[in-house]
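Working notes, beginning with the structure itself.
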Amino acid sequence: MSDSTDDDMDAFRRAVADVRPLRHDRVALQPPRPRPSARQRRQDEARVLRELLTHELEPEHVETGEELLFAREGVQKRVMRKLRRGQYPPQEELDLHGMTVPVAHEALRVFLAECRHHRYRCVRIIHGKGNRSSNRGPILKTKVDRWLRQWDEVIAFASARPVDGGTGAVYVLLRA
């Protein structure tokens with residue numbers, strides 16, 4: 001062997017002098033991390049539900065014939081005009097007639113989650129006019145008005161045309 005080869009071997013031996021052989025040839029795997037969950041959001045929704053179920057109807061409740069109308073900041077007037085005219089065909093609907101407040105709230109929550117899963121943009125929710133609610137006014141209509149404003153997925157809603165339920169139903173626009 002030549003001197004340069006011997007020098008290279010000596011240099012290599014010095015470089016790896018502190019190296020120790022592995023006891024095994026397996027890689028230590030870590031279990032996969034759990035998917036992130038919206039824990040705070042679930043807690044917020046549960047808190048809102050508790051508040052809604054424990055608080056009485058406010059004095060400024062919605063009257064039977066009153067039209068519901070809501071739009072988040074940034075929703076164009078043209079979009080609201082088309083929504084009120086029923087020009088966005090509802091892709092799904094939910095009828096809350098005859099449900100208690102807690103049952104209706106859960107049904108609405110599940111319904112909106114399903115609609116978001118299917119990427120529906122416009123849906124119709126039938127809450128009724130409250131004609132059988134005695135002197136307390138339309139309870140579900142009032143609750144639906146408040147609930148829809150609290151869900152971020154809802155960007156706008158308006159009372160339906162008379163042929164689609166009038167002030168007893170709302171068209172709801174959902175985020176894309």
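A note on labels: chains of the structure tokens are A, B, ... as shown, every chain counts residues from 1, and ligands are counted from 1 in their shown order.
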Taking a cut-off of 10 Å and counting only C-alpha atoms, can you build a table that, for each residue of segment 62-162 of chain A near segment 31-48 of chain A, reports the nearest atom pair and how far apart they are in Å (one decimal), sorted by chain then residue number, as JSON lines?
```
{"residue": "A:Arg109", "atom": "CA", "partner": "A:Glu45", "partner_atom": "CA", "distance": 9.7}
{"residue": "A:Trp147", "atom": "CA", "partner": "A:Val48", "partner_atom": "CA", "distance": 9.1}
{"residue": "A:Gln150", "atom": "CA", "partner": "A:Val48", "partner_atom": "CA", "distance": 8.8}
{"residue": "A:Trp151", "atom": "CA", "partner": "A:Glu45", "partner_atom": "CA", "distance": 9.1}
```
Save out the residues we just selected, C-alpha atoms, as a PDB file, in the first residue's frame.
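The file below, out.pdb, is the result:
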```pdb
ATOM      1  CA  ARG A 109     -76.594  21.678  15.397  1.00  0.00           C
ATOM      2  CA  TRP A 147     -78.720  30.359  17.404  1.00  0.00           C
ATOM      3  CA  GLN A 150     -73.963  32.461  16.951  1.00  0.00           C
ATOM      4  CA  TRP A 151     -72.748  29.867  14.447  1.00  0.00           C
TER       5      TRP A 151
END
```
Neighbours of segment 167-171 of chain A within 6 Å (only C-alpha atoms; same-chain residues fewer than 6 positions away dropped), as a ChimeraX atom specification? /A:67,123-129,157-160
Run DSSP on the backbone and give me the residues of segment 1-148 of chain A it puts in strand (DSSP E or B), as a list in words.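 So the strand (DSSP E or B) residues in segment 1-148 of chain A would be Leu69, Phe70, Ala71, Glu93, Leu94, Asp95, Cys122, Val123, Arg124, Ile125 and Ile126 of chain A.
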Have a look at A:Met80, A:Leu29, A:Leu174, A:Ile139 and name the one nearest to Pro102 of chain A; count only C-alpha atoms.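 Checking each of A:Met80, A:Leu29, A:Leu174, A:Ile139 against Pro102 of chain A, counting only C-alpha atoms, the winner is A:Ile139.
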What's around Glu73 of chain A at 12 Å? Count only C-alpha atoms, leave out sequence neighbours fewer than 2 positions away in its own chain, and write the answer as a PDB file with N, CA and C atoms, in the first residue's frame.
```pdb
ATOM      1  N   PHE A  70     -80.598  38.682   8.702  1.00  0.00           N
ATOM      2  CA  PHE A  70     -79.287  38.803   9.325  1.00  0.00           C
ATOM      3  C   PHE A  70     -78.227  38.593   8.248  1.00  0.00           C
ATOM      4  N   ALA A  71     -77.164  39.394   8.310  1.00  0.00           N
ATOM      5  CA  ALA A  71     -76.024  39.221   7.402  1.00  0.00           C
ATOM      6  C   ALA A  71     -74.755  39.592   8.158  1.00  0.00           C
ATOM      7  N   VAL A  75     -71.179  40.714   3.680  1.00  0.00           N
ATOM      8  CA  VAL A  75     -72.145  40.101   2.766  1.00  0.00           C
ATOM      9  C   VAL A  75     -72.764  41.221   1.931  1.00  0.00           C
ATOM     10  N   GLN A  76     -72.720  41.065   0.628  1.00  0.00           N
ATOM     11  CA  GLN A  76     -73.188  42.117  -0.275  1.00  0.00           C
ATOM     12  C   GLN A  76     -74.710  42.255  -0.242  1.00  0.00           C
ATOM     13  N   LYS A  77     -75.171  43.475  -0.471  1.00  0.00           N
ATOM     14  CA  LYS A  77     -76.613  43.745  -0.502  1.00  0.00           C
ATOM     15  C   LYS A  77     -77.290  42.935  -1.604  1.00  0.00           C
ATOM     16  N   MET A  80     -77.986  39.494  -0.353  1.00  0.00           N
ATOM     17  CA  MET A  80     -79.132  39.495   0.569  1.00  0.00           C
ATOM     18  C   MET A  80     -80.450  39.645  -0.183  1.00  0.00           C
ATOM     19  N   ARG A 149     -77.281  33.246  14.516  1.00  0.00           N
ATOM     20  CA  ARG A 149     -76.323  34.355  14.617  1.00  0.00           C
ATOM     21  C   ARG A 149     -75.035  33.922  15.326  1.00  0.00           C
ATOM     22  N   ASP A 152     -70.633  30.385  13.377  1.00  0.00           N
ATOM     23  CA  ASP A 152     -69.768  31.022  12.383  1.00  0.00           C
ATOM     24  C   ASP A 152     -70.041  30.537  10.959  1.00  0.00           C
ATOM     25  N   VAL A 154     -72.789  30.188   9.549  1.00  0.00           N
ATOM     26  CA  VAL A 154     -73.921  30.925   8.982  1.00  0.00           C
ATOM     27  C   VAL A 154     -73.453  32.333   8.632  1.00  0.00           C
ATOM     28  N   ILE A 155     -73.535  32.685   7.339  1.00  0.00           N
ATOM     29  CA  ILE A 155     -73.118  34.034   6.949  1.00  0.00           C
ATOM     30  C   ILE A 155     -74.312  34.970   6.763  1.00  0.00           C
ATOM     31  N   ALA A 156     -75.495  34.394   6.535  1.00  0.00           N
ATOM     32  CA  ALA A 156     -76.691  35.225   6.383  1.00  0.00           C
ATOM     33  C   ALA A 156     -77.931  34.347   6.467  1.00  0.00           C
TER      34      ALA A 156
END
```
As a ChimeraX atom specification, please: all residues of segment 21-134 of chain A that backbone DSSP puts in helix (DSSP H, G or I). /A:39-54,77-84,101-117,134
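Using only C-alpha atoms for every distance, the candidate list A:Arg13, A:Lys141, A:Leu94, A:Arg20 yields A:Leu94 as the residue closest to Leu112 of chain A.
Distances from A:Pro21, A:Gly166, A:Gly86, A:Pro138 to Val101 of chain A were compared using only C-alpha atoms, and the smallest one belongs to A:Pro138.
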Between A:Val103, A:Asp145, A:His117, A:Asp95, which residue has the minimum interatomic distance to Asp164 of chain A, considering only C-alpha atoms?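 Looking only at the distances to Asp164 of chain A, the closest residue turns out to be A:Asp95.
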Excluding Cys115 of chain A and its own-chain neighbours fewer than 3 positions away, which residues fall within 10 Å of it when counting only C-alpha atoms? Please give them as a VMD selection string. chain A and resid 91 to 93 109 to 112 118 to 123 153 174
I'd like the interatomic distance between atom CA of Val144 of chain A and atom CA of Ala176 of chain A, to a tenth of an Å. 21.1 Å
Residue with the minimum atom-to-atom distance to Pro90 of chain A, picked from A:Glu106, A:Asp18, A:Leu173, A:Asp6 with only C-alpha atoms counted, is A:Leu173
